[in-house]
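File shown: protein-v6.cif (mmCIF, C-alpha atoms).
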```cif
data_my_file
#
loop_
_atom_site.group_PDB
_atom_site.id
_atom_site.type_symbol
_atom_site.label_atom_id
_atom_site.label_comp_id
_atom_site.auth_asym_id
_atom_site.auth_seq_id
_atom_site.Cartn_x
_atom_site.Cartn_y
_atom_site.Cartn_z
ATOM 1 C CA GLN C 1 135.654 178.797 140.970
ATOM 2 C CA LEU C 2 137.947 177.066 138.542
ATOM 3 C CA GLN C 3 140.980 175.212 139.893
ATOM 4 C CA LEU C 4 143.701 173.576 137.837
ATOM 5 C CA GLN C 5 146.262 170.958 138.848
ATOM 6 C CA GLU C 6 149.213 169.679 136.834
ATOM 7 C CA SER C 7 150.419 166.091 137.106
ATOM 8 C CA GLY C 8 153.048 163.929 135.457
ATOM 9 C CA PRO C 9 156.604 162.618 135.737
ATOM 10 C CA GLY C 10 159.100 164.939 137.395
ATOM 11 C CA LEU C 11 162.069 163.456 135.541
ATOM 12 C CA VAL C 12 162.416 162.840 131.819
ATOM 13 C CA LYS C 13 165.451 161.528 129.947
ATOM 14 C CA PRO C 14 166.990 163.561 127.120
ATOM 15 C CA SER C 15 165.525 162.894 123.656
ATOM 16 C CA LYS C 16 162.354 161.419 125.199
ATOM 17 C CA THR C 17 158.847 162.898 125.399
ATOM 18 C CA LEU C 18 157.613 165.064 128.263
ATOM 19 C CA SER C 19 153.944 164.446 129.072
ATOM 20 C CA LEU C 20 151.834 166.396 131.546
ATOM 21 C CA THR C 21 148.124 166.474 132.333
ATOM 22 C CA CYS C 22 146.076 169.326 133.737
ATOM 23 C CA THR C 23 142.920 168.437 135.662
ATOM 24 C CA VAL C 24 140.231 171.112 135.770
ATOM 25 C CA SER C 25 137.787 171.279 138.680
ATOM 26 C CA GLY C 26 135.022 173.700 139.571
ATOM 27 C CA GLY C 27 133.743 173.879 136.019
ATOM 28 C CA SER C 28 133.505 172.024 132.735
ATOM 29 C CA ILE C 29 136.368 172.191 130.268
ATOM 30 C CA SER C 30 133.792 172.238 127.476
ATOM 31 C CA GLY C 31 131.187 174.393 129.187
ATOM 32 C CA SER C 32 132.497 177.851 128.453
ATOM 33 C CA ARG C 33 134.173 179.943 125.802
ATOM 34 C CA GLN C 34 137.494 179.814 127.595
ATOM 35 C CA TYR C 35 140.678 178.405 126.147
ATOM 36 C CA TRP C 36 143.193 176.279 128.034
ATOM 37 C CA GLY C 37 146.916 176.928 127.983
ATOM 38 C CA TRP C 38 150.385 175.799 129.006
ATOM 39 C CA ILE C 39 153.199 178.104 130.143
ATOM 40 C CA ARG C 40 156.650 177.165 131.429
ATOM 41 C CA GLN C 41 159.330 178.811 133.555
ATOM 42 C CA PRO C 42 162.934 177.563 133.636
ATOM 43 C CA PRO C 43 164.505 177.776 137.101
ATOM 44 C CA GLY C 44 165.341 181.381 137.963
ATOM 45 C CA ARG C 45 164.068 182.664 134.634
ATOM 46 C CA GLY C 46 160.981 184.203 133.046
ATOM 47 C CA LEU C 47 157.742 182.869 131.630
ATOM 48 C CA GLU C 48 157.309 181.316 128.175
ATOM 49 C CA TRP C 49 153.984 180.508 126.529
ATOM 50 C CA ILE C 50 153.876 176.994 125.082
ATOM 51 C CA GLY C 51 150.417 176.859 123.549
ATOM 52 C CA SER C 52 146.656 177.104 123.977
ATOM 53 C CA MET C 53 143.657 175.119 122.881
ATOM 54 C CA PHE C 54 139.857 175.199 122.756
ATOM 55 C CA TYR C 55 137.857 172.176 123.876
ATOM 56 C CA THR C 56 136.851 171.496 120.270
ATOM 57 C CA GLY C 57 140.474 170.724 119.508
ATOM 58 C CA SER C 58 141.645 173.981 117.927
ATOM 59 C CA THR C 59 145.251 174.534 118.927
ATOM 60 C CA PHE C 60 147.695 177.446 118.880
ATOM 61 C CA TYR C 61 151.405 176.942 119.545
ATOM 62 C CA ASN C 62 154.466 179.080 120.213
ATOM 63 C CA PRO C 63 156.241 179.186 116.842
ATOM 64 C CA SER C 64 159.565 178.363 118.516
ATOM 65 C CA LEU C 65 158.157 175.109 119.964
ATOM 66 C CA LYS C 66 155.578 174.208 117.337
ATOM 67 C CA SER C 67 157.569 171.381 115.768
ATOM 68 C CA ARG C 68 157.841 169.532 119.107
ATOM 69 C CA VAL C 69 154.622 170.274 121.002
ATOM 70 C CA SER C 70 151.114 168.900 121.033
ATOM 71 C CA ILE C 71 148.173 169.832 123.274
ATOM 72 C CA SER C 72 145.078 167.659 123.481
ATOM 73 C CA VAL C 73 141.857 167.549 125.489
ATOM 74 C CA ASP C 74 139.777 164.799 127.072
ATOM 75 C CA THR C 75 136.358 166.241 127.853
ATOM 76 C CA SER C 76 135.210 162.996 129.524
ATOM 77 C CA THR C 77 137.771 163.437 132.289
ATOM 78 C CA ASN C 78 137.837 167.253 132.252
ATOM 79 C CA GLN C 79 141.553 167.207 131.485
ATOM 80 C CA PHE C 80 143.894 168.582 128.877
ATOM 81 C CA SER C 81 147.410 167.425 128.193
ATOM 82 C CA LEU C 82 150.807 168.607 126.984
ATOM 83 C CA SER C 83 153.286 166.546 125.014
ATOM 84 C CA LEU C 84 156.772 167.867 124.191
ATOM 85 C CA ASN C 85 159.095 165.562 122.294
ATOM 86 C CA SER C 86 162.860 165.390 121.793
ATOM 87 C CA VAL C 87 163.503 167.146 125.094
ATOM 88 C CA THR C 88 166.878 168.500 126.189
ATOM 89 C CA ALA C 89 168.157 170.062 129.397
ATOM 90 C CA ALA C 90 166.851 173.396 128.097
ATOM 91 C CA ASP C 91 163.313 172.079 128.583
ATOM 92 C CA THR C 92 163.843 171.754 132.345
ATOM 93 C CA ALA C 93 161.239 174.065 133.863
ATOM 94 C CA VAL C 94 158.170 174.456 136.016
ATOM 95 C CA TYR C 95 155.220 173.804 133.733
ATOM 96 C CA TYR C 96 151.958 175.612 134.464
ATOM 97 C CA CYS C 97 148.511 175.063 133.022
ATOM 98 C CA ALA C 98 146.068 177.944 132.996
ATOM 99 C CA THR C 99 142.656 179.105 131.832
ATOM 100 C CA VAL C 100 142.804 181.620 128.979
ATOM 101 C CA THR C 101 140.071 184.222 128.694
ATOM 102 C CA GLY C 102 139.297 186.408 125.688
ATOM 103 C CA GLY C 103 140.769 184.147 123.033
ATOM 104 C CA PRO C 104 143.677 181.717 122.831
ATOM 105 C CA TRP C 105 146.255 184.248 124.031
ATOM 106 C CA ASN C 106 144.717 187.090 126.015
ATOM 107 C CA TRP C 107 144.461 186.681 129.780
ATOM 108 C CA PHE C 108 145.840 183.675 131.688
ATOM 109 C CA ASP C 109 143.943 183.155 134.954
ATOM 110 C CA PRO C 110 143.768 181.099 137.079
ATOM 111 C CA TRP C 111 146.991 179.106 136.933
ATOM 112 C CA GLY C 112 147.741 175.704 138.399
ATOM 113 C CA ARG C 113 150.392 175.403 141.092
ATOM 114 C CA GLY C 114 152.947 174.189 138.561
ATOM 115 C CA ALA C 115 154.908 170.976 138.056
ATOM 116 C CA LEU C 116 158.690 170.872 137.966
ATOM 117 C CA VAL C 117 160.035 168.702 135.164
ATOM 118 C CA THR C 118 163.748 167.986 135.051
ATOM 119 C CA VAL C 119 165.364 166.649 131.886
ATOM 120 C CA SER C 120 168.355 164.538 132.856
ATOM 121 C CA SER C 121 169.817 161.109 132.223
ATOM 122 C CA ASN R 1 157.529 188.973 116.437
ATOM 123 C CA PHE R 2 157.939 191.566 119.191
ATOM 124 C CA MET R 3 159.538 191.789 122.619
ATOM 125 C CA LEU R 4 158.370 193.281 125.905
ATOM 126 C CA THR R 5 161.180 194.917 127.874
ATOM 127 C CA GLN R 6 160.926 195.513 131.620
ATOM 128 C CA PRO R 7 163.471 196.856 134.106
ATOM 129 C CA HIS R 8 165.246 193.988 135.824
ATOM 130 C CA SER R 9 164.580 195.346 139.299
ATOM 131 C CA VAL R 10 163.065 198.268 141.186
ATOM 132 C CA SER R 11 163.020 199.146 144.862
ATOM 133 C CA GLU R 12 161.078 201.600 146.964
ATOM 134 C CA SER R 13 160.103 202.233 150.558
ATOM 135 C CA PRO R 14 156.848 201.188 152.208
ATOM 136 C CA GLY R 15 154.075 203.700 151.699
ATOM 137 C CA LYS R 16 155.625 205.108 148.517
ATOM 138 C CA ALA R 17 154.579 204.463 144.922
ATOM 139 C CA VAL R 18 156.483 202.591 142.234
ATOM 140 C CA ASN R 19 156.051 202.379 138.479
ATOM 141 C CA ILE R 20 157.111 199.371 136.399
ATOM 142 C CA SER R 21 157.359 199.909 132.652
ATOM 143 C CA CYS R 22 156.872 197.416 129.821
ATOM 144 C CA ASN R 23 158.085 198.592 126.434
ATOM 145 C CA ARG R 24 156.836 196.927 123.240
ATOM 146 C CA SER R 25 159.622 196.660 120.659
ATOM 147 C CA SER R 26 157.508 196.648 117.513
ATOM 148 C CA GLY R 27 153.865 196.974 116.654
ATOM 149 C CA ASN R 28 151.469 199.335 118.386
ATOM 150 C CA ILE R 29 151.060 198.828 122.131
ATOM 151 C CA VAL R 30 147.308 199.322 121.753
ATOM 152 C CA SER R 31 146.976 196.628 119.086
ATOM 153 C CA SER R 32 146.520 194.020 121.836
ATOM 154 C CA TYR R 33 145.763 194.019 125.538
ATOM 155 C CA VAL R 34 148.466 193.982 128.210
ATOM 156 C CA GLN R 35 148.210 191.930 131.367
ATOM 157 C CA TRP R 36 150.319 192.136 134.540
ATOM 158 C CA TYR R 37 151.053 189.178 136.813
ATOM 159 C CA GLN R 38 152.509 189.043 140.313
ATOM 160 C CA GLN R 39 154.638 186.041 141.255
ATOM 161 C CA ARG R 40 155.850 185.433 144.781
ATOM 162 C CA PRO R 41 158.726 182.953 145.350
ATOM 163 C CA GLY R 42 157.615 179.374 144.960
ATOM 164 C CA SER R 43 154.119 180.309 143.773
ATOM 165 C CA ALA R 44 152.284 180.501 140.495
ATOM 166 C CA PRO R 45 151.638 183.903 138.912
ATOM 167 C CA THR R 46 148.399 185.696 139.734
ATOM 168 C CA THR R 47 146.803 188.535 137.804
ATOM 169 C CA VAL R 48 146.933 192.052 139.176
ATOM 170 C CA ILE R 49 145.880 193.864 135.963
ATOM 171 C CA TYR R 50 144.213 192.534 132.839
ATOM 172 C CA GLU R 51 143.178 194.179 129.565
ATOM 173 C CA ASP R 52 145.499 197.166 130.133
ATOM 174 C CA SER R 53 143.860 198.629 133.225
ATOM 175 C CA ARG R 54 141.215 196.314 134.696
ATOM 176 C CA ARG R 55 141.639 194.863 138.177
ATOM 177 C CA PRO R 56 140.395 191.369 139.033
ATOM 178 C CA SER R 57 138.161 191.158 142.058
ATOM 179 C CA GLY R 58 140.218 190.953 145.214
ATOM 180 C CA VAL R 59 143.126 193.025 143.885
ATOM 181 C CA PRO R 60 143.399 196.279 145.855
ATOM 182 C CA ASP R 61 142.995 199.587 144.050
ATOM 183 C CA ARG R 62 146.599 200.396 144.957
ATOM 184 C CA PHE R 63 147.390 198.520 141.721
ATOM 185 C CA SER R 64 146.705 200.352 138.457
ATOM 186 C CA GLY R 65 147.640 199.866 134.825
ATOM 187 C CA SER R 66 148.034 202.345 131.997
ATOM 188 C CA ILE R 67 149.165 202.679 128.401
ATOM 189 C CA ASP R 68 151.537 205.348 127.039
ATOM 190 C CA LEU R 69 151.285 205.700 123.271
ATOM 191 C CA SER R 70 154.231 208.091 123.060
ATOM 192 C CA SER R 71 156.645 205.459 124.393
ATOM 193 C CA ASN R 72 154.726 202.437 123.108
ATOM 194 C CA SER R 73 154.684 201.142 126.652
ATOM 195 C CA ALA R 74 152.432 199.841 129.357
ATOM 196 C CA SER R 75 152.944 200.642 133.008
ATOM 197 C CA LEU R 76 152.007 199.087 136.318
ATOM 198 C CA THR R 77 151.784 201.494 139.236
ATOM 199 C CA ILE R 78 151.608 200.291 142.807
ATOM 200 C CA SER R 79 150.843 202.996 145.358
ATOM 201 C CA GLY R 80 151.015 202.833 149.151
ATOM 202 C CA LEU R 81 153.599 200.060 148.936
ATOM 203 C CA LYS R 82 153.419 197.267 151.459
ATOM 204 C CA THR R 83 156.067 194.665 152.239
ATOM 205 C CA GLU R 84 153.657 192.020 150.917
ATOM 206 C CA ASP R 85 153.949 193.604 147.444
ATOM 207 C CA GLU R 86 157.545 192.372 147.224
ATOM 208 C CA ALA R 87 157.497 189.943 144.293
ATOM 209 C CA ASP R 88 158.329 189.516 140.621
ATOM 210 C CA TYR R 89 155.995 191.249 138.152
ATOM 211 C CA TYR R 90 155.546 190.206 134.523
ATOM 212 C CA CYS R 91 153.774 192.002 131.705
ATOM 213 C CA GLN R 92 152.213 189.930 128.914
ATOM 214 C CA SER R 93 150.695 190.678 125.538
ATOM 215 C CA TYR R 94 150.190 188.928 122.209
ATOM 216 C CA ASP R 95 149.836 189.227 118.455
ATOM 217 C CA SER R 96 148.071 187.015 115.931
ATOM 218 C CA THR R 97 150.535 184.153 116.306
ATOM 219 C CA ASN R 98 152.238 184.345 119.673
ATOM 220 C CA VAL R 99 152.013 185.254 123.339
ATOM 221 C CA VAL R 100 154.888 187.301 124.717
ATOM 222 C CA PHE R 101 155.900 187.803 128.327
ATOM 223 C CA GLY R 102 158.253 190.501 129.539
ATOM 224 C CA GLY R 103 161.417 189.352 131.277
ATOM 225 C CA GLY R 104 160.033 190.242 134.701
ATOM 226 C CA THR R 105 160.800 192.930 137.269
ATOM 227 C CA SER R 106 161.837 192.113 140.811
ATOM 228 C CA LEU R 107 160.234 194.565 143.241
ATOM 229 C CA THR R 108 161.931 195.100 146.587
ATOM 230 C CA VAL R 109 160.076 196.991 149.299
ATOM 231 C CA LEU R 110 162.534 198.150 151.937
#
```
Once you've parsed the file, please lay out its structure as structure tokens.
Amino acid sequence: QLQLQESGPGLVKPSKTLSLTCTVSGGSISGSRQYWGWIRQPPGRGLEWIGSMFYTGSTFYNPSLKSRVSISVDTSTNQFSLSLNSVTAADTAVYYCATVTGGPWNWFDPWGRGALVTVSS
Amino acid sequence: NFMLTQPHSVSESPGKAVNISCNRSSGNIVSSYVQWYQQRPGSAPTTVIYEDSRRPSGVPDRFSGSIDLSSNSASLTISGLKTEDEADYYCQSYDSTNVVFGGGTSLTVL
């Protein structure tokens, strides 16, 4: 059974780049037709899709974040990563990685436990 | 782009049934699948319904999903409510360029 775990700095300064990694266990990131995605949730608020990717490198991003986001994959370590530049306090959120089934934006399951990232000086 | 609108909160008594709606603002509700996620405080979301009405293994059949073309909405129905069902519920769908989540519904079982 697939398990995902986010990791990365919990504090990022304004205008800098937020970087997170998702480690996949229980299966190969390149061994199936599944996509891999990032979703975030500001404290006390709802969910927002950030983007999804296939292990070949095809990426799909939320139009509202597209100019600042990049998702990449490292098949040798079974990990995929999120990079979000020029962050502000509005980017403070719990960031989740998830498996996406049925295309880059259909069904997100399972999810990682989430990583809280605070943007503050 | 479209929006998914859910009631902010619903409450019902144990043993009763509750329905949570998810209205699509534009585009046909059947043009893409709808998923429903349950999120308990401090935990990641988990799927209770996927592809409109399918239940993942391990989700009790008290949870059901449906589509209403007349209102361009999806609905999550939870019957035989238990206190453990108290959580936030999010609907989610997509189009050719974006994934959209509803704003979430807080379910209180009292």
Kindly determine which residues of chain R lie within 10 Å of chain C, considering only C-alpha atoms, and give the answer as number ranges by chain.
R: 1, 32-37, 42-47, 49-51, 56, 88, 90-105
I want to know what sits within 8 Å of Ser21 in chain R, based on only C-alpha atoms, with residues of the same chain fewer than 2 positions away left out; could you give that as a ChimeraX atom specification?
/R:5-7,19,23,73-76
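In this structure, CA of Ser120 in chain C sits 24.2 Å away from CA of Pro41 in chain R.
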Proximity to Gln39 in chain R - best of R:Ile78, R:Ala17, R:Ala87, R:Leu110, all atoms listed in the file:
R:Ala87
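CA of Val87 in chain C to CA of Cys22 in chain C spans 19.6 Å [interatomic distance, one decimal].
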Using only C-alpha atoms, the best pick from R:Lys82, R:Arg62, R:Arg24, R:Arg55 as closest to Leu107 in chain R would be R:Lys82
Shell of 8 Å around Asp91 in chain C, all atoms listed in the file, local chain residues under 4 positions omitted, as a ChimeraX atom specification:
/C:42,87,118-119
Give as a PDB file with C-alpha atoms, in the coordinates of the input each residue that has an atom at most 10 Å from (146.7, 205.8, 120.7) in the file, counting all atoms listed in the file.
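After the write, selection_26.pdb holds the following:
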```pdb
ATOM      1  CA  ASN R  28     151.469 199.335 118.386  1.00  0.00           C
ATOM      2  CA  ILE R  29     151.060 198.828 122.131  1.00  0.00           C
ATOM      3  CA  VAL R  30     147.308 199.322 121.753  1.00  0.00           C
ATOM      4  CA  SER R  31     146.976 196.628 119.086  1.00  0.00           C
ATOM      5  CA  ILE R  67     149.165 202.679 128.401  1.00  0.00           C
ATOM      6  CA  ASP R  68     151.537 205.348 127.039  1.00  0.00           C
ATOM      7  CA  LEU R  69     151.285 205.700 123.271  1.00  0.00           C
ATOM      8  CA  SER R  70     154.231 208.091 123.060  1.00  0.00           C
ATOM      9  CA  ASN R  72     154.726 202.437 123.108  1.00  0.00           C
TER      10      ASN R  72
END
```
When the PyMOL selection byres ((chain C and resi 54) around 10) is applied to the structure above, which residues does it catch, written out as a VMD selection string?
chain C and resid 29 to 30 32 to 37 52 to 53 55 to 60 71 to 73 80 100 103 to 104
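With CA of Val24 in chain C on one side and CA of Ser57 in chain R on the other, the separation reads 21.1 Å.
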Distance query Ser106 in chain R at most 8 Å, only C-alpha atoms, self and fewer than 6 positions along chain excluded, as JSON, numbers by chain:
{"R": [8, 9, 10, 86, 87, 88, 89]}
Got a sec to resolve the PyMOL selection byres ((chain C and resi 14) around 9) on this structure and send the residues as number ranges by chain?
C: 12-13, 15-17, 86-89, 119-121
Nearest to Asp74 in chain C: which of C:Ala90, C:Arg40, C:Gly8, C:Thr21 is it, counting only C-alpha atoms?
C:Thr21
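For Ser25 in chain R, the list of residues within 7 Å, based on all atoms listed in the file and with local chain neighbours fewer than 6 positions off taken out, reads Phe2, Met3 and Leu4 of chain R.
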Which residues, named as in the file, does the PyMOL selection byres ((chain R and resi 80) around 12) pick out? Answer as a list in words.
Glu12, Ser13, Pro14, Gly15, Lys16, Ala17, Val18, Asn19, Pro60, Asp61, Arg62, Phe63, Ser64, Thr77, Ile78, Ser79, Leu81, Lys82, Thr83, Glu84, Asp85 and Val109 of chain R
Please supply range 33-44 of chain C, rebuilt with all heavy atoms, as an mmCIF file, keeping the file's coordinate frame.
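Saved result, out37.cif, follows:
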```
data_model
loop_
_atom_site.group_PDB
_atom_site.id
_atom_site.type_symbol
_atom_site.label_atom_id
_atom_site.label_comp_id
_atom_site.auth_asym_id
_atom_site.auth_seq_id
_atom_site.Cartn_x
_atom_site.Cartn_y
_atom_site.Cartn_z
ATOM 1 N N ARG C 33 133.447 179.478 126.982
ATOM 2 C CA ARG C 33 134.173 179.943 125.802
ATOM 3 C C ARG C 33 135.660 180.150 126.105
ATOM 4 O O ARG C 33 136.370 180.762 125.348
ATOM 5 C CB ARG C 33 133.558 181.245 125.309
ATOM 6 C CG ARG C 33 132.125 181.088 124.829
ATOM 7 C CD ARG C 33 131.594 182.381 124.244
ATOM 8 N NE ARG C 33 132.387 182.832 123.107
ATOM 9 C CZ ARG C 33 132.249 182.374 121.873
ATOM 10 N NH1 ARG C 33 131.362 181.433 121.625
ATOM 11 N NH2 ARG C 33 132.999 182.849 120.891
ATOM 12 N N GLN C 34 136.096 179.617 127.232
ATOM 13 C CA GLN C 34 137.494 179.814 127.595
ATOM 14 C C GLN C 34 138.404 178.836 126.860
ATOM 15 O O GLN C 34 138.000 177.739 126.500
ATOM 16 C CB GLN C 34 137.665 179.639 129.110
ATOM 17 C CG GLN C 34 137.047 180.771 129.899
ATOM 18 C CD GLN C 34 136.895 180.448 131.365
ATOM 19 O OE1 GLN C 34 136.482 179.362 131.722
ATOM 20 N NE2 GLN C 34 137.224 181.404 132.225
ATOM 21 N N TYR C 35 139.640 179.262 126.675
ATOM 22 C CA TYR C 35 140.678 178.405 126.147
ATOM 23 C C TYR C 35 141.503 177.861 127.322
ATOM 24 O O TYR C 35 141.331 178.291 128.474
ATOM 25 C CB TYR C 35 141.576 179.196 125.188
ATOM 26 C CG TYR C 35 140.945 179.490 123.853
ATOM 27 C CD1 TYR C 35 139.923 180.431 123.731
ATOM 28 C CD2 TYR C 35 141.368 178.843 122.701
ATOM 29 C CE1 TYR C 35 139.338 180.697 122.508
ATOM 30 C CE2 TYR C 35 140.798 179.114 121.466
ATOM 31 C CZ TYR C 35 139.776 180.039 121.381
ATOM 32 O OH TYR C 35 139.205 180.291 120.169
ATOM 33 N N TRP C 36 142.371 176.937 127.013
ATOM 34 C CA TRP C 36 143.193 176.279 128.034
ATOM 35 C C TRP C 36 144.638 176.299 127.556
ATOM 36 O O TRP C 36 144.916 175.950 126.409
ATOM 37 C CB TRP C 36 142.693 174.858 128.271
ATOM 38 C CG TRP C 36 141.221 174.847 128.550
ATOM 39 C CD1 TRP C 36 140.210 174.674 127.649
ATOM 40 C CD2 TRP C 36 140.588 175.120 129.816
ATOM 41 N NE1 TRP C 36 138.988 174.793 128.276
ATOM 42 C CE2 TRP C 36 139.186 175.067 129.592
ATOM 43 C CE3 TRP C 36 141.068 175.381 131.099
ATOM 44 C CZ2 TRP C 36 138.266 175.278 130.624
ATOM 45 C CZ3 TRP C 36 140.150 175.577 132.119
ATOM 46 C CH2 TRP C 36 138.776 175.529 131.878
ATOM 47 N N GLY C 37 145.559 176.709 128.437
ATOM 48 C CA GLY C 37 146.916 176.928 127.983
ATOM 49 C C GLY C 37 147.992 176.318 128.865
ATOM 50 O O GLY C 37 147.731 175.912 130.001
ATOM 51 N N TRP C 38 149.187 176.255 128.286
ATOM 52 C CA TRP C 38 150.385 175.799 129.006
ATOM 53 C C TRP C 38 151.450 176.890 128.917
ATOM 54 O O TRP C 38 151.675 177.470 127.860
ATOM 55 C CB TRP C 38 150.928 174.500 128.412
ATOM 56 C CG TRP C 38 150.094 173.285 128.690
ATOM 57 C CD1 TRP C 38 149.135 172.730 127.876
ATOM 58 C CD2 TRP C 38 150.134 172.477 129.866
ATOM 59 N NE1 TRP C 38 148.580 171.628 128.481
ATOM 60 C CE2 TRP C 38 149.176 171.443 129.694
ATOM 61 C CE3 TRP C 38 150.886 172.494 131.042
ATOM 62 C CZ2 TRP C 38 148.959 170.451 130.658
ATOM 63 C CZ3 TRP C 38 150.670 171.520 132.002
ATOM 64 C CH2 TRP C 38 149.719 170.507 131.809
ATOM 65 N N ILE C 39 152.113 177.137 130.040
ATOM 66 C CA ILE C 39 153.199 178.104 130.143
ATOM 67 C C ILE C 39 154.306 177.430 130.950
ATOM 68 O O ILE C 39 154.024 176.643 131.852
ATOM 69 C CB ILE C 39 152.745 179.395 130.889
ATOM 70 C CG1 ILE C 39 151.528 180.005 130.222
ATOM 71 C CG2 ILE C 39 153.875 180.403 130.968
ATOM 72 C CD1 ILE C 39 150.219 179.684 130.926
ATOM 73 N N ARG C 40 155.570 177.748 130.650
ATOM 74 C CA ARG C 40 156.650 177.165 131.429
ATOM 75 C C ARG C 40 157.622 178.245 131.915
ATOM 76 O O ARG C 40 157.649 179.356 131.375
ATOM 77 C CB ARG C 40 157.401 176.113 130.631
ATOM 78 C CG ARG C 40 158.222 176.644 129.467
ATOM 79 C CD ARG C 40 158.915 175.482 128.748
ATOM 80 N NE ARG C 40 159.752 175.963 127.644
ATOM 81 C CZ ARG C 40 160.496 175.155 126.889
ATOM 82 N NH1 ARG C 40 160.487 173.846 127.109
ATOM 83 N NH2 ARG C 40 161.238 175.659 125.907
ATOM 84 N N GLN C 41 158.391 177.875 132.946
ATOM 85 C CA GLN C 41 159.330 178.811 133.555
ATOM 86 C C GLN C 41 160.583 178.055 133.976
ATOM 87 O O GLN C 41 160.580 177.355 134.987
ATOM 88 C CB GLN C 41 158.697 179.499 134.764
ATOM 89 C CG GLN C 41 159.561 180.564 135.401
ATOM 90 C CD GLN C 41 158.832 181.334 136.484
ATOM 91 O OE1 GLN C 41 157.993 180.790 137.211
ATOM 92 N NE2 GLN C 41 159.113 182.620 136.595
ATOM 93 N N PRO C 42 161.676 178.193 133.218
ATOM 94 C CA PRO C 42 162.934 177.563 133.636
ATOM 95 C C PRO C 42 163.361 178.113 134.988
ATOM 96 O O PRO C 42 163.050 179.258 135.325
ATOM 97 C CB PRO C 42 163.908 177.966 132.533
ATOM 98 C CG PRO C 42 163.050 178.285 131.354
ATOM 99 C CD PRO C 42 161.795 178.871 131.927
ATOM 100 N N PRO C 43 164.088 177.334 135.765
ATOM 101 C CA PRO C 43 164.505 177.776 137.101
ATOM 102 C C PRO C 43 165.215 179.121 137.065
ATOM 103 O O PRO C 43 166.175 179.311 136.325
ATOM 104 C CB PRO C 43 165.437 176.655 137.552
ATOM 105 C CG PRO C 43 164.987 175.454 136.806
ATOM 106 C CD PRO C 43 164.533 175.956 135.476
ATOM 107 N N GLY C 44 164.725 180.065 137.859
ATOM 108 C CA GLY C 44 165.341 181.381 137.963
ATOM 109 C C GLY C 44 165.138 182.279 136.758
ATOM 110 O O GLY C 44 165.760 183.351 136.673
#
```
